[in-house]
Amino acid sequence: MELRFQCSRCPAGILVDPLETGEETIACPNCKAEVSLAIGPDIRAGGPVEACCVCGSHEMYRRKDFPQRLGVLLVAAAAIASLTFYYFGMVIAAWAVLAASVVADLGLYYVLPRVTGCYKCGAIYRRAAPNPRHGEFDLAIADKYK
Ligand SMILES: [Zn+2]
Ligand SMILES: [Zn+2]
């Protein structure tokens, strides 16, 4: 499992594999602050993440491991290419580009792994067992912690 979170004392991002190191306290590589992680026995046994190891919050979500900005960029690029083809009278090509972008989008959706995230502190868990109780990312819940 890979855990990425932000140091509570400084803006540094910390990346650890708590299962590999077995450590419950991680020293921030930037400010050397000790951050204690609550890694329960269920997580050690490969079970799903119930509560955030960093802040203890139970409000967590699952989402695709895909940078949102890249997705927006891909859609924008497809739209521009499509409009360009359309402008030059290549209607079939214009539709083909749009269709290809939709297929690529769907393909990525199924191929990409899921990550578990914490609403409260923003910690991201990769390669953790999925927890069926965690829903898709919900902006309404995320707003509560802003
Ligand atoms: Zn720090
Ligand atoms: Zn958290």
# chains A, B, ... in the order shown; residues from 1 in each chain; ligands from 1
>>> select_by_dssp(residues="segment 30-98 of chain A", states="helix (DSSP H, G or I)", output="ChimeraX atom specification")
/A:41-44,68-87,91-98
>>> write_last_selection(atoms="C-alpha atoms", output="mmCIF file, in the first residue's frame")
data_model
loop_
_atom_site.group_PDB
_atom_site.id
_atom_site.type_symbol
_atom_site.label_atom_id
_atom_site.label_comp_id
_atom_site.auth_asym_id
_atom_site.auth_seq_id
_atom_site.Cartn_x
_atom_site.Cartn_y
_atom_site.Cartn_z
ATOM 1 C CA PRO A 41 -4.326 -4.829 12.217
ATOM 2 C CA ASP A 42 -6.971 -5.099 9.483
ATOM 3 C CA ILE A 43 -4.927 -2.914 7.153
ATOM 4 C CA ARG A 44 -1.769 -4.843 7.986
ATOM 5 C CA GLN A 68 -8.440 15.540 -13.456
ATOM 6 C CA ARG A 69 -6.572 18.287 -15.303
ATOM 7 C CA LEU A 70 -5.232 15.757 -17.794
ATOM 8 C CA GLY A 71 -8.771 14.497 -18.437
ATOM 9 C CA VAL A 72 -10.014 18.022 -19.098
ATOM 10 C CA LEU A 73 -7.048 18.625 -21.373
ATOM 11 C CA LEU A 74 -7.787 15.474 -23.404
ATOM 12 C CA VAL A 75 -11.428 16.431 -23.851
ATOM 13 C CA ALA A 76 -10.460 19.977 -24.861
ATOM 14 C CA ALA A 77 -7.899 18.672 -27.369
ATOM 15 C CA ALA A 78 -10.484 16.344 -28.903
ATOM 16 C CA ALA A 79 -13.024 19.172 -29.136
ATOM 17 C CA ILE A 80 -10.534 21.481 -30.860
ATOM 18 C CA ALA A 81 -9.451 18.759 -33.310
ATOM 19 C CA SER A 82 -13.081 17.940 -34.021
ATOM 20 C CA LEU A 83 -14.003 21.583 -34.650
ATOM 21 C CA THR A 84 -10.972 21.998 -36.914
ATOM 22 C CA PHE A 85 -11.992 18.992 -39.026
ATOM 23 C CA TYR A 86 -15.559 20.298 -39.120
ATOM 24 C CA TYR A 87 -14.367 23.734 -40.229
ATOM 25 C CA VAL A 91 -17.387 15.939 -41.055
ATOM 26 C CA ILE A 92 -16.657 12.223 -40.757
ATOM 27 C CA ALA A 93 -13.216 12.924 -39.316
ATOM 28 C CA ALA A 94 -14.791 15.405 -36.897
ATOM 29 C CA TRP A 95 -17.190 12.773 -35.593
ATOM 30 C CA ALA A 96 -14.452 10.117 -35.550
ATOM 31 C CA VAL A 97 -12.303 12.270 -33.246
ATOM 32 C CA LEU A 98 -15.216 12.764 -30.862
#
>>> residues_around(residues="segment 56-66 of chain A", least_positions_apart="2", cutoff="12 Å", atoms="only C-alpha atoms", output="ChimeraX atom specification")
/A:36-40,48-54,68-72,74,105-106,108-139,141-142,144-145
>>> residues_near_ligand(ligand="ligand 1", cutoff="6 Å", atoms="only C-alpha atoms and all ligand atoms", output="ChimeraX atom specification")
/A:7,9-10,12,28,30-33
>>> atom_distance(atom1="atom CA of Phe88 of chain A", atom2="atom CA of Val103 of chain A")
23.8 Å
>>> closest_residue(among="A:Glu23, A:Ser8, A:Val16, A:Cys55", to="ligand 2", atoms="only C-alpha atoms and all ligand atoms")
A:Cys55
>>> select_by_dssp(residues="chain A", states="strand (DSSP E or B)", output="ChimeraX atom specification")
/A:2-6,13-16,25-27,34-36,48,60-64,114-118,124-126,129,135-136
>>> write_last_selection(atoms="N, CA and C atoms", output="mmCIF file, in the first residue's frame")
data_model
loop_
_atom_site.group_PDB
_atom_site.id
_atom_site.type_symbol
_atom_site.label_atom_id
_atom_site.label_comp_id
_atom_site.auth_asym_id
_atom_site.auth_seq_id
_atom_site.Cartn_x
_atom_site.Cartn_y
_atom_site.Cartn_z
ATOM 1 N N GLU A 2 0.443 2.222 -0.729
ATOM 2 C CA GLU A 2 1.188 3.467 -0.782
ATOM 3 C C GLU A 2 0.329 4.570 -0.171
ATOM 4 N N LEU A 3 0.887 5.294 0.772
ATOM 5 C CA LEU A 3 0.149 6.353 1.454
ATOM 6 C C LEU A 3 0.833 7.683 1.190
ATOM 7 N N ARG A 4 0.038 8.621 0.668
ATOM 8 C CA ARG A 4 0.578 9.951 0.406
ATOM 9 C C ARG A 4 -0.248 10.962 1.189
ATOM 10 N N PHE A 5 0.400 11.747 1.996
ATOM 11 C CA PHE A 5 -0.332 12.750 2.768
ATOM 12 C C PHE A 5 0.529 13.971 2.992
ATOM 13 N N GLN A 6 -0.114 15.014 3.477
ATOM 14 C CA GLN A 6 0.620 16.249 3.709
ATOM 15 C C GLN A 6 1.020 16.355 5.167
ATOM 16 N N GLY A 13 4.798 17.139 1.110
ATOM 17 C CA GLY A 13 4.050 15.910 0.898
ATOM 18 C C GLY A 13 4.898 14.733 1.347
ATOM 19 N N ILE A 14 4.300 13.784 2.021
ATOM 20 C CA ILE A 14 5.037 12.621 2.509
ATOM 21 C C ILE A 14 4.492 11.379 1.826
ATOM 22 N N LEU A 15 5.394 10.557 1.335
ATOM 23 C CA LEU A 15 5.005 9.336 0.636
ATOM 24 C C LEU A 15 5.628 8.149 1.344
ATOM 25 N N VAL A 16 4.805 7.245 1.864
ATOM 26 C CA VAL A 16 5.342 6.086 2.576
ATOM 27 C C VAL A 16 4.567 4.829 2.196
ATOM 28 N N THR A 25 5.448 5.629 13.208
ATOM 29 C CA THR A 25 5.760 7.055 13.161
ATOM 30 C C THR A 25 6.695 7.309 11.991
ATOM 31 N N ILE A 26 6.355 8.338 11.243
ATOM 32 C CA ILE A 26 7.121 8.700 10.063
ATOM 33 C C ILE A 26 7.674 10.105 10.312
ATOM 34 N N ALA A 27 8.950 10.286 10.039
ATOM 35 C CA ALA A 27 9.528 11.617 10.187
ATOM 36 C C ALA A 27 9.389 12.352 8.857
ATOM 37 N N GLU A 34 7.579 14.403 13.629
ATOM 38 C CA GLU A 34 7.150 13.017 13.680
ATOM 39 C C GLU A 34 5.641 12.947 13.472
ATOM 40 N N VAL A 35 5.231 12.153 12.526
ATOM 41 C CA VAL A 35 3.811 12.000 12.256
ATOM 42 C C VAL A 35 3.458 10.565 12.616
ATOM 43 N N SER A 36 2.488 10.396 13.520
ATOM 44 C CA SER A 36 2.134 9.023 13.862
ATOM 45 C C SER A 36 0.972 8.551 13.001
ATOM 46 N N PRO A 48 -9.374 -3.659 3.900
ATOM 47 C CA PRO A 48 -9.641 -2.306 3.431
ATOM 48 C C PRO A 48 -9.387 -1.263 4.512
ATOM 49 N N MET A 60 -14.356 8.837 3.885
ATOM 50 C CA MET A 60 -13.383 8.625 2.830
ATOM 51 C C MET A 60 -14.111 8.344 1.524
ATOM 52 N N TYR A 61 -13.402 8.438 0.442
ATOM 53 C CA TYR A 61 -14.013 8.218 -0.868
ATOM 54 C C TYR A 61 -13.097 7.354 -1.721
ATOM 55 N N ARG A 62 -13.646 6.884 -2.812
ATOM 56 C CA ARG A 62 -12.828 6.187 -3.790
ATOM 57 C C ARG A 62 -12.949 6.942 -5.103
ATOM 58 N N ARG A 63 -11.878 7.004 -5.813
ATOM 59 C CA ARG A 63 -11.945 7.624 -7.131
ATOM 60 C C ARG A 63 -10.896 6.993 -8.032
ATOM 61 N N LYS A 64 -11.032 7.277 -9.336
ATOM 62 C CA LYS A 64 -10.058 6.782 -10.301
ATOM 63 C C LYS A 64 -8.743 7.505 -10.110
ATOM 64 N N ARG A 114 -8.205 2.214 -8.776
ATOM 65 C CA ARG A 114 -8.908 3.138 -7.894
ATOM 66 C C ARG A 114 -8.025 3.485 -6.711
ATOM 67 N N VAL A 115 -8.175 4.674 -6.219
ATOM 68 C CA VAL A 115 -7.465 5.058 -5.008
ATOM 69 C C VAL A 115 -8.498 5.418 -3.952
ATOM 70 N N THR A 116 -8.088 5.269 -2.709
ATOM 71 C CA THR A 116 -8.945 5.685 -1.600
ATOM 72 C C THR A 116 -8.395 6.998 -1.075
ATOM 73 N N GLY A 117 -9.281 7.928 -0.802
ATOM 74 C CA GLY A 117 -8.836 9.235 -0.321
ATOM 75 C C GLY A 117 -9.576 9.633 0.930
ATOM 76 N N CYS A 118 -8.948 10.525 1.693
ATOM 77 C CA CYS A 118 -9.562 11.032 2.916
ATOM 78 C C CYS A 118 -10.067 12.447 2.661
ATOM 79 N N ILE A 124 -4.019 10.128 0.408
ATOM 80 C CA ILE A 124 -4.393 9.251 -0.700
ATOM 81 C C ILE A 124 -3.771 7.879 -0.473
ATOM 82 N N TYR A 125 -4.588 6.843 -0.587
ATOM 83 C CA TYR A 125 -4.121 5.468 -0.400
ATOM 84 C C TYR A 125 -4.155 4.759 -1.736
ATOM 85 N N ARG A 126 -2.987 4.304 -2.184
ATOM 86 C CA ARG A 126 -2.933 3.546 -3.429
ATOM 87 C C ARG A 126 -2.689 2.075 -3.106
ATOM 88 N N ALA A 129 -6.895 -2.221 -0.319
ATOM 89 C CA ALA A 129 -8.101 -2.975 -0.653
ATOM 90 C C ALA A 129 -9.283 -2.014 -0.679
ATOM 91 N N GLY A 135 -17.956 5.721 -0.842
ATOM 92 C CA GLY A 135 -18.609 6.048 -2.098
ATOM 93 C C GLY A 135 -17.674 6.785 -3.034
ATOM 94 N N GLU A 136 -18.208 7.142 -4.189
ATOM 95 C CA GLU A 136 -17.459 7.968 -5.122
ATOM 96 C C GLU A 136 -17.217 9.325 -4.472
#
